[in-house]
file coords-v8.cif (mmCIF, C-alpha atoms and all ligand atoms)
data_start
#
loop_
_atom_site.label_atom_id
_atom_site.label_comp_id
_atom_site.auth_asym_id
_atom_site.auth_seq_id
_atom_site.Cartn_x
_atom_site.Cartn_y
_atom_site.Cartn_z
CA MET A 1 -108.58 -48.24 1.47
CA ALA A 2 -108.83 -47.37 5.13
CA GLU A 3 -108.65 -48.50 8.68
CA VAL A 4 -111.66 -48.06 10.95
CA VAL A 5 -111.21 -47.15 14.60
CA LEU A 6 -113.86 -47.20 17.31
CA ASP A 7 -112.81 -45.47 20.50
CA LYS A 8 -114.93 -45.80 23.67
CA VAL A 9 -118.13 -45.93 21.67
CA PHE A 10 -121.49 -46.13 23.45
CA LYS A 11 -125.02 -46.23 22.11
CA ARG A 12 -128.06 -45.64 24.25
CA PHE A 13 -131.68 -45.87 23.17
CA GLY A 14 -133.54 -44.23 26.05
CA ASN A 15 -132.56 -46.35 29.02
CA VAL A 16 -131.33 -49.30 26.92
CA THR A 17 -127.57 -49.29 26.42
CA ALA A 18 -127.18 -51.25 23.20
CA VAL A 19 -123.39 -50.83 22.89
CA LYS A 20 -121.04 -50.32 25.82
CA ASP A 21 -117.48 -49.02 25.63
CA PHE A 22 -116.67 -50.49 22.23
CA ASN A 23 -112.96 -50.20 21.39
CA LEU A 24 -111.58 -51.66 18.21
CA GLN A 25 -109.01 -50.96 15.54
CA ILE A 26 -109.93 -52.56 12.23
CA HIS A 27 -106.85 -52.68 10.04
CA ASP A 28 -106.71 -51.60 6.44
CA GLU A 29 -107.83 -54.50 4.18
CA GLU A 30 -108.96 -56.58 7.14
CA PHE A 31 -112.07 -58.79 7.08
CA MET A 32 -113.50 -58.21 10.54
CA VAL A 33 -116.52 -60.18 11.69
CA PHE A 34 -118.90 -59.16 14.50
CA VAL A 35 -120.61 -62.21 15.92
CA GLY A 36 -122.95 -62.77 18.85
CA PRO A 37 -126.52 -63.73 19.68
CA SER A 38 -129.46 -61.68 18.51
CA GLY A 39 -129.75 -58.34 20.32
CA CYS A 40 -126.10 -58.09 21.38
CA GLY A 41 -125.53 -54.82 19.49
CA LYS A 42 -123.93 -55.93 16.20
CA THR A 43 -126.26 -54.04 13.87
CA THR A 44 -126.23 -50.95 16.05
CA THR A 45 -122.42 -50.85 15.96
CA LEU A 46 -122.36 -51.33 12.21
CA ARG A 47 -124.96 -48.62 11.72
CA MET A 48 -122.89 -46.24 13.80
CA ILE A 49 -119.91 -46.90 11.52
CA ALA A 50 -122.18 -46.29 8.54
CA GLY A 51 -123.56 -43.09 10.02
CA LEU A 52 -127.12 -44.38 10.05
CA GLU A 53 -127.21 -44.26 13.84
CA GLU A 54 -125.92 -41.42 15.94
CA ILE A 55 -123.08 -42.16 18.38
CA THR A 56 -124.04 -41.43 21.99
CA GLU A 57 -120.47 -41.29 23.24
CA GLY A 58 -117.01 -41.91 21.80
CA THR A 59 -115.33 -41.48 18.44
CA ILE A 60 -115.35 -43.36 15.14
CA LYS A 61 -112.62 -42.81 12.58
CA ILE A 62 -112.54 -44.00 8.98
CA GLY A 63 -109.08 -43.53 7.55
CA GLU A 64 -107.62 -40.43 9.16
CA ARG A 65 -110.95 -38.71 9.59
CA VAL A 66 -113.28 -38.60 12.60
CA VAL A 67 -116.68 -39.30 11.08
CA ASN A 68 -118.97 -38.73 14.08
CA ASP A 69 -120.68 -35.84 12.28
CA VAL A 70 -120.13 -36.91 8.68
CA PRO A 71 -123.35 -37.96 6.90
CA PRO A 72 -123.47 -41.56 5.55
CA LYS A 73 -123.14 -40.55 1.91
CA ASP A 74 -119.84 -38.79 2.60
CA ARG A 75 -118.25 -41.66 4.56
CA ASP A 76 -117.07 -43.56 1.51
CA ILE A 77 -118.67 -46.80 2.67
CA ALA A 78 -121.04 -49.25 0.99
CA MET A 79 -123.51 -51.42 2.86
CA VAL A 80 -125.08 -54.78 2.08
CA PHE A 81 -128.06 -55.78 4.21
CA GLN A 82 -129.97 -58.97 4.83
CA ASN A 83 -132.94 -57.42 3.06
CA TYR A 84 -131.20 -56.26 -0.05
CA ALA A 85 -134.29 -54.66 -1.58
CA LEU A 86 -133.54 -54.37 -5.28
CA TYR A 87 -135.68 -52.04 -7.40
CA PRO A 88 -138.21 -54.44 -8.97
CA HIS A 89 -138.84 -52.33 -12.07
CA MET A 90 -135.15 -51.99 -12.93
CA ASN A 91 -132.98 -54.63 -14.53
CA VAL A 92 -129.74 -55.83 -12.97
CA TYR A 93 -127.60 -53.32 -14.82
CA GLN A 94 -129.84 -50.44 -13.74
CA ASN A 95 -129.94 -51.71 -10.15
CA MET A 96 -126.18 -51.91 -9.98
CA SER A 97 -125.60 -48.52 -11.58
CA PHE A 98 -128.35 -46.62 -9.77
CA GLY A 99 -126.16 -45.14 -7.02
CA LEU A 100 -123.51 -44.07 -9.50
CA ARG A 101 -126.09 -42.40 -11.73
CA LEU A 102 -127.35 -40.43 -8.73
CA ARG A 103 -123.80 -39.24 -8.18
CA LYS A 104 -123.55 -38.21 -11.80
CA THR A 105 -120.66 -40.55 -12.50
CA PRO A 106 -119.79 -40.43 -16.23
CA LYS A 107 -121.57 -43.07 -18.29
CA ALA A 108 -118.42 -44.77 -19.55
CA GLU A 109 -117.08 -45.07 -16.01
CA ILE A 110 -120.39 -46.54 -14.80
CA ASP A 111 -120.29 -49.06 -17.60
CA ARG A 112 -116.73 -50.11 -16.79
CA ARG A 113 -117.50 -50.59 -13.10
CA VAL A 114 -120.77 -52.47 -13.63
CA ARG A 115 -119.24 -54.86 -16.15
CA GLU A 116 -116.19 -55.45 -14.00
CA ALA A 117 -118.30 -56.19 -10.91
CA ALA A 118 -120.68 -58.36 -12.91
CA GLN A 119 -117.77 -60.37 -14.23
CA MET A 120 -116.32 -60.82 -10.74
CA LEU A 121 -119.70 -62.01 -9.44
CA GLN A 122 -120.42 -64.11 -12.52
CA ILE A 123 -123.68 -62.36 -13.29
CA GLU A 124 -122.72 -60.84 -16.65
CA HIS A 125 -125.37 -62.91 -18.38
CA LEU A 126 -128.07 -61.55 -16.08
CA LEU A 127 -127.60 -57.82 -16.63
CA GLU A 128 -130.84 -57.44 -18.61
CA ARG A 129 -133.01 -59.37 -16.16
CA ARG A 130 -135.42 -57.99 -13.58
CA PRO A 131 -135.01 -59.07 -9.93
CA ARG A 132 -138.08 -61.33 -10.06
CA GLU A 133 -136.39 -63.32 -12.82
CA LEU A 134 -133.47 -64.15 -10.52
CA SER A 135 -132.88 -66.80 -7.86
CA GLY A 136 -132.17 -65.77 -4.25
CA GLY A 137 -128.45 -66.29 -4.68
CA GLN A 138 -128.36 -64.26 -7.88
CA ARG A 139 -130.24 -61.43 -6.20
CA GLN A 140 -127.76 -61.45 -3.37
CA ARG A 141 -124.95 -61.18 -5.92
CA VAL A 142 -126.61 -58.16 -7.48
CA ALA A 143 -126.84 -56.55 -4.03
CA LEU A 144 -123.11 -57.19 -3.59
CA GLY A 145 -122.48 -55.81 -7.06
CA ARG A 146 -124.32 -52.64 -6.18
CA ALA A 147 -121.90 -52.16 -3.27
CA ILE A 148 -118.80 -53.08 -5.28
CA VAL A 149 -119.40 -50.56 -8.06
CA ARG A 150 -119.24 -47.79 -5.52
CA GLU A 151 -115.54 -48.65 -5.00
CA PRO A 152 -115.82 -47.65 -1.34
CA LYS A 153 -113.09 -47.52 1.29
CA VAL A 154 -115.06 -49.84 3.54
CA PHE A 155 -117.73 -52.54 3.03
CA LEU A 156 -120.28 -52.96 5.80
CA MET A 157 -122.33 -56.15 5.61
CA ASP A 158 -125.18 -57.01 7.97
CA GLU A 159 -126.14 -60.70 7.82
CA PRO A 160 -126.14 -60.59 4.02
CA LEU A 161 -126.60 -64.35 3.66
CA SER A 162 -129.35 -64.99 6.22
CA ASN A 163 -132.07 -65.20 3.60
CA LEU A 164 -130.35 -67.91 1.59
CA ASP A 165 -130.67 -71.66 2.04
CA ALA A 166 -127.83 -73.56 3.67
CA LYS A 167 -126.10 -74.77 0.50
CA LEU A 168 -126.19 -71.36 -1.15
CA ARG A 169 -124.91 -69.77 2.03
CA VAL A 170 -121.81 -71.92 1.91
CA GLU A 171 -121.27 -70.99 -1.74
CA MET A 172 -121.76 -67.27 -1.16
CA ARG A 173 -119.51 -67.40 1.90
CA ALA A 174 -116.68 -68.54 -0.36
CA SER A 175 -117.58 -65.94 -3.03
CA ILE A 176 -117.45 -63.09 -0.54
CA ALA A 177 -114.14 -64.29 0.90
CA LYS A 178 -112.70 -64.53 -2.62
CA LEU A 179 -114.02 -61.11 -3.49
CA HIS A 180 -112.38 -59.68 -0.41
CA ARG A 181 -109.04 -61.19 -1.33
CA ARG A 182 -109.34 -59.76 -4.80
CA LEU A 183 -110.49 -56.25 -3.87
CA GLY A 184 -108.66 -55.93 -0.55
CA VAL A 185 -111.29 -53.53 0.79
CA THR A 186 -111.62 -53.25 4.58
CA THR A 187 -114.79 -55.15 5.46
CA VAL A 188 -116.95 -55.37 8.56
CA TYR A 189 -119.25 -58.36 8.40
CA VAL A 190 -122.04 -58.99 10.90
CA THR A 191 -123.46 -62.44 11.55
CA HIS A 192 -125.04 -64.44 14.36
CA ASP A 193 -123.63 -67.61 12.80
CA GLN A 194 -120.40 -68.74 14.40
CA VAL A 195 -119.50 -70.97 11.45
CA GLU A 196 -119.74 -68.00 9.10
CA ALA A 197 -117.61 -66.01 11.52
CA MET A 198 -114.96 -68.72 11.83
CA THR A 199 -114.69 -69.37 8.11
CA MET A 200 -114.70 -65.77 6.90
CA GLY A 201 -113.04 -63.53 9.46
CA THR A 202 -109.39 -62.59 9.60
CA ARG A 203 -110.37 -61.50 13.09
CA ILE A 204 -113.62 -61.87 14.98
CA VAL A 205 -115.27 -59.71 17.61
CA VAL A 206 -117.49 -61.79 19.89
CA MET A 207 -120.21 -59.68 21.50
CA LYS A 208 -122.74 -60.26 24.26
CA ASP A 209 -125.21 -57.77 25.77
CA GLY A 210 -123.57 -54.81 24.06
CA LEU A 211 -120.12 -55.73 25.36
CA VAL A 212 -117.13 -56.94 23.42
CA GLN A 213 -116.06 -60.26 24.95
CA GLN A 214 -112.99 -61.08 22.89
CA VAL A 215 -111.31 -59.92 19.69
CA ASP A 216 -109.07 -62.52 18.12
CA SER A 217 -108.28 -64.73 15.14
CA PRO A 218 -110.74 -67.60 14.58
CA ILE A 219 -108.30 -70.23 15.83
CA ASN A 220 -107.38 -68.31 18.98
CA LEU A 221 -111.04 -67.79 19.85
CA TYR A 222 -111.54 -71.50 19.48
CA ASP A 223 -108.45 -72.64 21.37
CA LYS A 224 -108.12 -69.83 23.90
CA PRO A 225 -111.57 -68.51 24.76
CA ILE A 226 -111.39 -65.77 27.35
CA ASN A 227 -114.58 -66.88 29.13
CA LYS A 228 -117.31 -69.50 29.18
CA PHE A 229 -119.55 -67.49 26.88
CA VAL A 230 -116.98 -67.36 24.07
CA ALA A 231 -116.04 -70.99 24.69
CA GLY A 232 -119.65 -72.08 24.36
CA PHE A 233 -120.53 -69.81 21.45
CA MET A 234 -117.75 -70.77 19.04
CA GLY A 235 -117.84 -74.38 17.85
CA SER A 236 -120.49 -76.91 16.95
CA PRO A 237 -121.34 -79.16 18.68
CA ALA A 238 -120.57 -76.73 21.48
CA MET A 239 -117.97 -77.14 24.21
CA ASN A 240 -119.11 -79.32 27.14
CA PHE A 241 -119.22 -77.92 30.65
CA LEU A 242 -119.28 -80.10 33.76
CA VAL A 243 -119.44 -78.64 37.24
CA GLY A 244 -116.78 -80.21 39.44
CA THR A 245 -114.72 -79.47 42.52
CA VAL A 246 -111.03 -78.56 42.45
CA GLN A 247 -108.78 -80.86 44.52
CA ASP A 248 -104.98 -81.14 44.23
CA GLY A 249 -104.96 -79.50 40.82
CA ARG A 250 -107.61 -81.90 39.57
CA ILE A 251 -111.30 -81.45 38.89
CA LYS A 252 -113.59 -84.05 40.41
CA GLY A 253 -117.21 -85.06 40.35
CA THR A 254 -118.94 -88.20 41.59
CA ASN A 255 -118.06 -90.05 38.40
CA PHE A 256 -115.19 -88.09 36.97
CA ASP A 257 -111.69 -87.22 38.02
CA ILE A 258 -109.59 -85.31 35.56
CA LYS A 259 -106.08 -83.97 35.62
CA PRO A 260 -105.36 -81.10 33.24
CA ASP A 261 -101.93 -80.22 31.89
CA ALA A 262 -99.40 -78.75 34.34
CA GLU A 263 -100.15 -75.16 33.41
CA LEU A 264 -103.86 -75.37 34.20
CA ALA A 265 -103.26 -77.60 37.23
CA ARG A 266 -101.06 -74.85 38.67
CA LYS A 267 -103.67 -72.14 37.98
CA LEU A 268 -106.33 -74.30 39.61
CA GLN A 269 -104.51 -74.45 42.93
CA LYS A 270 -105.89 -71.09 43.99
CA HIS A 271 -109.38 -72.50 43.50
CA SER A 272 -108.81 -75.55 45.68
CA GLY A 273 -112.01 -76.74 47.32
CA LYS A 274 -114.14 -74.58 45.03
CA LYS A 275 -116.53 -75.55 42.30
CA VAL A 276 -115.59 -74.68 38.72
CA TYR A 277 -116.84 -75.41 35.23
CA PHE A 278 -114.67 -77.98 33.53
CA GLY A 279 -114.77 -77.33 29.75
CA ILE A 280 -113.89 -79.78 27.00
CA ARG A 281 -114.77 -79.78 23.29
CA PRO A 282 -116.53 -82.85 21.83
CA GLU A 283 -113.53 -83.67 19.60
CA ASN A 284 -111.20 -83.65 22.60
CA LEU A 285 -113.01 -86.60 24.19
CA GLY A 286 -112.41 -90.22 23.30
CA LEU A 287 -113.54 -93.67 24.38
CA ARG A 288 -111.08 -95.55 26.55
CA GLY A 289 -109.37 -98.16 24.41
CA ASP A 290 -110.22 -96.34 21.20
CA THR A 291 -108.30 -93.06 21.35
CA SER A 292 -104.77 -91.70 21.47
CA ILE A 293 -105.59 -89.55 24.52
CA PRO A 294 -103.39 -90.60 27.48
CA GLU A 295 -105.28 -92.89 29.86
CA GLN A 296 -103.57 -92.04 33.09
CA ASP A 297 -105.24 -89.88 35.75
CA ASN A 298 -108.10 -89.19 33.52
CA THR A 299 -111.53 -90.67 33.60
CA ILE A 300 -115.13 -89.74 33.08
CA LYS A 301 -117.65 -92.51 33.68
CA ALA A 302 -120.68 -91.87 31.53
CA THR A 303 -123.84 -93.52 30.26
CA ILE A 304 -124.49 -93.31 26.53
CA GLU A 305 -127.90 -91.78 25.89
CA VAL A 306 -127.86 -91.27 22.12
CA VAL A 307 -125.60 -92.48 19.29
CA GLU A 308 -125.63 -90.40 16.10
CA PRO A 309 -123.59 -91.97 13.28
CA LEU A 310 -122.79 -89.24 10.76
CA GLY A 311 -120.63 -91.34 8.46
CA ALA A 312 -117.34 -89.51 8.87
CA GLU A 313 -117.69 -89.51 12.64
CA THR A 314 -120.13 -90.49 15.36
CA ILE A 315 -121.63 -88.13 17.90
CA LEU A 316 -122.28 -89.58 21.33
CA ILE A 317 -124.54 -87.91 23.81
CA ALA A 318 -123.83 -89.19 27.30
CA SER A 319 -124.89 -88.41 30.85
CA VAL A 320 -122.46 -87.97 33.73
CA ASP A 321 -123.27 -87.84 37.43
CA GLY A 322 -126.95 -88.22 36.60
CA ASP A 323 -127.88 -84.77 35.40
CA GLN A 324 -124.86 -83.50 33.46
CA THR A 325 -124.56 -84.05 29.71
CA LEU A 326 -121.50 -84.57 27.55
CA VAL A 327 -121.27 -84.63 23.78
CA ALA A 328 -118.34 -86.53 22.26
CA ARG A 329 -117.18 -86.78 18.67
CA VAL A 330 -115.65 -90.18 18.18
CA ASP A 331 -114.50 -92.49 15.41
CA ALA A 332 -117.27 -93.56 13.04
CA HIS A 333 -116.52 -97.18 13.85
CA ALA A 334 -116.99 -96.89 17.60
CA ARG A 335 -119.04 -99.85 18.79
CA VAL A 336 -121.35 -98.40 21.40
CA VAL A 337 -125.09 -98.31 21.78
CA ALA A 338 -127.48 -96.29 23.90
CA GLY A 339 -127.48 -97.56 27.49
CA ASP A 340 -123.79 -98.57 27.54
CA ARG A 341 -121.69 -97.53 30.53
CA VAL A 342 -118.44 -96.18 29.08
CA GLU A 343 -115.30 -94.41 30.15
CA LEU A 344 -114.44 -91.23 28.31
CA LEU A 345 -110.98 -89.69 28.30
CA ALA A 346 -110.42 -85.94 27.96
CA ASP A 347 -107.31 -84.48 26.33
CA PRO A 348 -105.47 -82.70 29.20
CA ALA A 349 -103.93 -80.02 26.97
CA LYS A 350 -107.35 -79.05 25.63
CA MET A 351 -109.14 -78.77 28.95
CA GLN A 352 -110.44 -75.42 30.12
CA ALA A 353 -111.74 -74.36 33.50
CA PHE A 354 -114.02 -71.42 34.23
CA THR A 355 -114.99 -69.84 37.54
CA LEU A 356 -118.62 -70.12 38.63
CA GLU A 357 -118.70 -66.46 39.71
CA ASP A 358 -117.62 -64.56 36.60
CA GLU A 359 -117.12 -67.45 34.17
CA ARG A 360 -113.61 -66.31 33.22
CA ASN A 361 -111.11 -68.82 31.87
CA ILE A 362 -108.81 -69.81 34.74
CA ARG A 363 -106.03 -70.59 32.24
CA PHE A 364 -105.59 -66.85 31.75
CA ASP A 365 -105.43 -65.88 35.42
N1 LIG B 401 -134.03 -48.00 17.35
C1 LIG B 401 -133.95 -48.66 18.51
N2 LIG B 401 -134.64 -48.25 19.60
C2 LIG B 401 -134.55 -48.88 20.78
N3 LIG B 401 -133.80 -49.97 21.01
C3 LIG B 401 -133.10 -50.45 19.95
C4 LIG B 401 -133.14 -49.83 18.66
N4 LIG B 401 -132.32 -50.53 17.83
C5 LIG B 401 -131.82 -51.53 18.58
N5 LIG B 401 -132.27 -51.48 19.84
C6 LIG B 401 -131.89 -52.41 20.94
O1 LIG B 401 -130.49 -52.44 21.01
C7 LIG B 401 -130.03 -53.75 21.26
C8 LIG B 401 -129.07 -54.20 20.18
O2 LIG B 401 -129.77 -54.36 18.98
P1 LIG B 401 -129.06 -54.76 17.62
O3 LIG B 401 -127.87 -53.92 17.44
O4 LIG B 401 -130.08 -54.74 16.55
O5 LIG B 401 -128.61 -56.26 17.91
P2 LIG B 401 -128.10 -57.42 16.91
O6 LIG B 401 -127.86 -56.80 15.58
O7 LIG B 401 -126.84 -57.90 17.56
O8 LIG B 401 -129.14 -58.46 16.91
C9 LIG B 401 -131.27 -54.61 21.40
O9 LIG B 401 -131.59 -54.71 22.76
C10 LIG B 401 -132.31 -53.82 20.62
O10 LIG B 401 -133.59 -54.09 21.13
MG MG B 402 -128.74 -57.34 13.71
#

call {"tool": "encode", "arguments": {"input": "coords-v8.cif", "output": "structure tokens"}}
result
Amino acid sequence: MAEVVLDKVFKRFGNVTAVKDFNLQIHDEEFMVFVGPSGCGKTTTLRMIAGLEEITEGTIKIGERVVNDVPPKDRDIAMVFQNYALYPHMNVYQNMSFGLRLRKTPKAEIDRRVREAAQMLQIEHLLERRPRELSGGQRQRVALGRAIVREPKVFLMDEPLSNLDAKLRVEMRASIAKLHRRLGVTTVYVTHDQVEAMTMGTRIVVMKDGLVQQVDSPINLYDKPINKFVAGFMGSPAMNFLVGTVQDGRIKGTNFDIKPDAELARKLQKHSGKKVYFGIRPENLGLRGDTSIPEQDNTIKATIEVVEPLGAETILIASVDGDQTLVARVDAHARVVAGDRVELLADPAKMQAFTLEDERNIRFD
């Protein structure tokens, strides 16, 4: 078991800086997720930890040891990739044991590890099969098994579920989380999928353009996003943003006038007269007369554009001030139809405000 520390790590490819000043301490036994849009530097960072990519600047430690110049095979890590190429001519047992055989691990020890991993992954009955005789999910389990039998200090996983269909992804998500609880091995898991990040990570690193935006627990990222990017990236449907003007601790537009809780109202005073982004999540909006959100000092006049009944809830897509859009998650029994003029209420405690200039969350000023 080991902690992993990245200290002022940079990666440049020619004149592209893929990773900028990456600082992070991953605790022993932690499940750390890197999430962000394609091209933000997740894979590059993971590959630097693995030793597959040279570090341009900075230090990486695994356990007590600086590994900058340690070759991948001596880092005591195991990787699982999106393209988990299994050897087609080998059966599952041979695929899983291949790395150990290369390392001349004794036969009995190999057998113990393969059978234990196979049991954990529920693929014991598949050990004699070739990869082409397996489903996508089973193949992904074999790829995981191949990493587990190495008994590494750290697991590095790069979008390992991207090739699976949605249902299988949900299943495998739970399997990997369970496996992590059972093995307690420090894990770094890369994904572009914020749902995967939220459901799996003990902590999450949100990245954009090679820069770490925020490192936090899933719930803190969701409730206390440091900037508009994080706020908009985590959560589905995404947080709504309306541009409004600050006046007397309130945020106003032509058809909305909202008063946040006292804390944010106070922080907004410095922005008086300025435009800001008002941020509110779809589930923190309600229809006047059909919500427990306080009605006072709080109104957004909107026109319903689309009603999407999902059974458990209904998604409303509405327009405000002509060209701004709001998405609201309301009770499944809400009686509204496209074209209705409605009043939406926003939960004052859940409101966020971001500057137009650097998009930082004004709550944290
Ligand atoms: N070998 C390489 N040579 C040049 N640029 C690269 C190389 N690998 C990655 N990059 C660039 O570095 C950035 C980060 O890439 P990557 O780490 O793969 O992002 P992610 O995994 O988050 O999608 C991108 O702009 C990508 O084009
Ligand atoms: Mg990648």

call {"tool": "atom_distance", "arguments": {"input": "coords-v8.cif", "atom1": "atom CA of A:Lys107", "atom2": "atom CA of A:Met79"}}
result
22.8 Å

call {"tool": "residues_near_ligand", "arguments": {"input": "coords-v8.cif", "ligand": "ligand MG 402 (chain B)", "cutoff": "8 Å", "atoms": "all atoms listed in the file", "output": "list in words"}}
result
Ser38, Gly39, Gly41, Lys42, Thr43, Thr44, Asp158, Glu159, Val190 and Thr191 of chain A

call {"tool": "residues_around", "arguments": {"input": "coords-v8.cif", "residues": "A:Leu86", "least_positions_apart": "6", "cutoff": "9 Å", "atoms": "only C-alpha atoms", "output": "PyMOL selection string"}}
result
chain A and resi 92+95+131+139+142-143

call {"tool": "closest_atom_pairs", "arguments": {"input": "coords-v8.cif", "of": "stretch 192-255 of chain A", "to": "stretch 345-365 of chain A", "cutoff": "8 Å", "atoms": "all atoms listed in the file", "output": "JSON lines"}}
result
{"residue": "A:Asp223", "atom": "CA", "partner": "A:Lys350", "partner_atom": "CA", "distance": 7.8}
{"residue": "A:Pro225", "atom": "CA", "partner": "A:Asn361", "partner_atom": "CA", "distance": 7.1}
{"residue": "A:Ile226", "atom": "CA", "partner": "A:Asn361", "partner_atom": "CA", "distance": 5.5}
{"residue": "A:Asn227", "atom": "CA", "partner": "A:Arg360", "partner_atom": "CA", "distance": 4.2}
{"residue": "A:Lys228", "atom": "CA", "partner": "A:Glu359", "partner_atom": "CA", "distance": 5.4}
{"residue": "A:Phe229", "atom": "CA", "partner": "A:Glu359", "partner_atom": "CA", "distance": 7.7}

call {"tool": "closest_atom_pairs", "arguments": {"input": "coords-v8.cif", "of": "chain A", "to": "ligand LIG 401 (chain B)", "cutoff": "12 Å", "atoms": "all atoms listed in the file", "output": "CSV"}}
result
residue,atom,partner,partner_atom,distance
A:Phe10,CA,B:LIG401,O1,11.3
A:Lys11,CA,B:LIG401,O1,8.3
A:Arg12,CA,B:LIG401,N3,7.9
A:Phe13,CA,B:LIG401,C2,4.8
A:Gly14,CA,B:LIG401,C2,7.1
A:Asn15,CA,B:LIG401,C2,8.8
A:Val16,CA,B:LIG401,N3,6.4
A:Thr17,CA,B:LIG401,O1,6.9
A:Ala18,CA,B:LIG401,O1,4.1
A:Val19,CA,B:LIG401,C8,7.1
A:Lys20,CA,B:LIG401,C8,10.6
A:Phe34,CA,B:LIG401,O7,8.6
A:Val35,CA,B:LIG401,O7,7.8
A:Gly36,CA,B:LIG401,O7,6.4
A:Pro37,CA,B:LIG401,O7,6.2
A:Ser38,CA,B:LIG401,O8,3.6
A:Gly39,CA,B:LIG401,O5,3.4
A:Cys40,CA,B:LIG401,O7,3.9
A:Gly41,CA,B:LIG401,O3,3.2
A:Lys42,CA,B:LIG401,O7,3.8
A:Thr43,CA,B:LIG401,O6,3.6
A:Thr44,CA,B:LIG401,O3,3.7
A:Thr45,CA,B:LIG401,O3,6.4
A:Leu46,CA,B:LIG401,O3,8.0
A:Arg47,CA,B:LIG401,O3,8.3
A:Met48,CA,B:LIG401,O3,9.9
A:Leu52,CA,B:LIG401,N1,10.7
A:Glu53,CA,B:LIG401,N1,8.5
A:Glu54,CA,B:LIG401,N1,10.5
A:Phe81,CA,B:LIG401,O6,11.4
A:Gln82,CA,B:LIG401,O6,11.2
A:Met157,CA,B:LIG401,O6,11.4
A:Asp158,CA,B:LIG401,O6,8.1
A:Glu159,CA,B:LIG401,O6,8.9
A:Tyr189,CA,B:LIG401,O6,11.3
A:Val190,CA,B:LIG401,O6,7.8
A:Thr191,CA,B:LIG401,O6,8.2
A:His192,CA,B:LIG401,O7,7.5
A:Asp193,CA,B:LIG401,O7,11.3
A:Val205,CA,B:LIG401,O7,11.7
A:Val206,CA,B:LIG401,O7,10.4
A:Met207,CA,B:LIG401,O7,7.9
A:Lys208,CA,B:LIG401,O7,8.2
A:Asp209,CA,B:LIG401,C8,7.7
A:Gly210,CA,B:LIG401,C8,6.8
A:Leu211,CA,B:LIG401,C8,10.5
A:Val212,CA,B:LIG401,O7,11.4

call {"tool": "closest_residue", "arguments": {"input": "coords-v8.cif", "among": "A:Lys267, A:Lys252, A:Leu221, A:Glu343", "to": "A:Gly286", "atoms": "only C-alpha atoms"}}
result
A:Glu343

call {"tool": "atom_distance", "arguments": {"input": "coords-v8.cif", "atom1": "atom CA of A:Leu6", "atom2": "atom CA of A:Ile60"}}
result
4.7 Å

call {"tool": "residues_near_point", "arguments": {"input": "coords-v8.cif", "point": "(-113.2, -49.3, 22.6)", "cutoff": "7 Å", "atoms": "only C-alpha atoms", "output": "MDAnalysis selection string"}}
result
chainID A and resid 6:9 21:24

call {"tool": "closest_residue", "arguments": {"input": "coords-v8.cif", "among": "A:Ala318, A:Asp165, A:Gln122, A:Ala50", "to": "A:Pro72", "atoms": "only C-alpha atoms"}}
result
A:Ala50

call {"tool": "closest_residue", "arguments": {"input": "coords-v8.cif", "among": "A:Val170, A:Val246, A:Met200, A:Ile293", "to": "A:Val276", "atoms": "only C-alpha atoms"}}
result
A:Val246

call {"tool": "atom_distance", "arguments": {"input": "coords-v8.cif", "atom1": "atom CA of A:Gly311", "atom2": "atom CA of A:Phe241"}}
result
26.0 Å

call {"tool": "residues_around", "arguments": {"input": "coords-v8.cif", "residues": "stretch 176-179 of chain A", "least_positions_apart": "3", "cutoff": "9 Å", "atoms": "all atoms listed in the file", "output": "PyMOL selection string"}}
result
chain A and resi 31+120-121+144+171-173+182-184+199-201

call {"tool": "residues_around", "arguments": {"input": "coords-v8.cif", "residues": "A:Asp297", "least_positions_apart": "6", "cutoff": "10 Å", "atoms": "all atoms listed in the file", "output": "compact mmCIF listing (two decimals) with C-alpha atoms, in the coordinates of the input"}}
result
# COMPACT_ATOMS: atom_id res chain seq x y z
CA ARG A 250 -107.61 -81.90 39.57
CA ASP A 257 -111.69 -87.22 38.02
CA ILE A 258 -109.59 -85.31 35.56
CA LYS A 259 -106.08 -83.97 35.62
CA PRO A 260 -105.36 -81.10 33.24
CA LEU A 345 -110.98 -89.69 28.30
CA PRO A 348 -105.47 -82.70 29.20

call {"tool": "closest_residue", "arguments": {"input": "coords-v8.cif", "among": "A:Met96, A:Ala117, A:Leu156, A:Ile110", "to": "A:Arg75", "atoms": "all atoms listed in the file"}}
result
A:Leu156

call {"tool": "closest_residue", "arguments": {"input": "coords-v8.cif", "among": "A:Glu30, A:Asp69, A:Glu196, A:Glu128", "to": "A:Ile55", "atoms": "all atoms listed in the file"}}
result
A:Asp69

call {"tool": "closest_residue", "arguments": {"input": "coords-v8.cif", "among": "A:Ile123, A:Ile219, A:Val4, A:Val230", "to": "A:Ile62", "atoms": "all atoms listed in the file"}}
result
A:Val4

call {"tool": "axis_aligned_box", "arguments": {"input": "coords-v8.cif", "around": "stretch 338-343 of chain A", "padding_each_side": "8 Å", "output": "AutoDock Vina command-line options"}}
result
--center_x -121.4 --center_y -96.5 --center_z 27.2 --size_x 28.2 --size_y 20.2 --size_z 22.6

call {"tool": "residues_near_point", "arguments": {"input": "coords-v8.cif", "point": "(-136.1, -55.5, -9.2)", "cutoff": "7 Å", "atoms": "all atoms listed in the file", "output": "PyMOL selection string"}}
result
chain A and resi 86-91+130-132
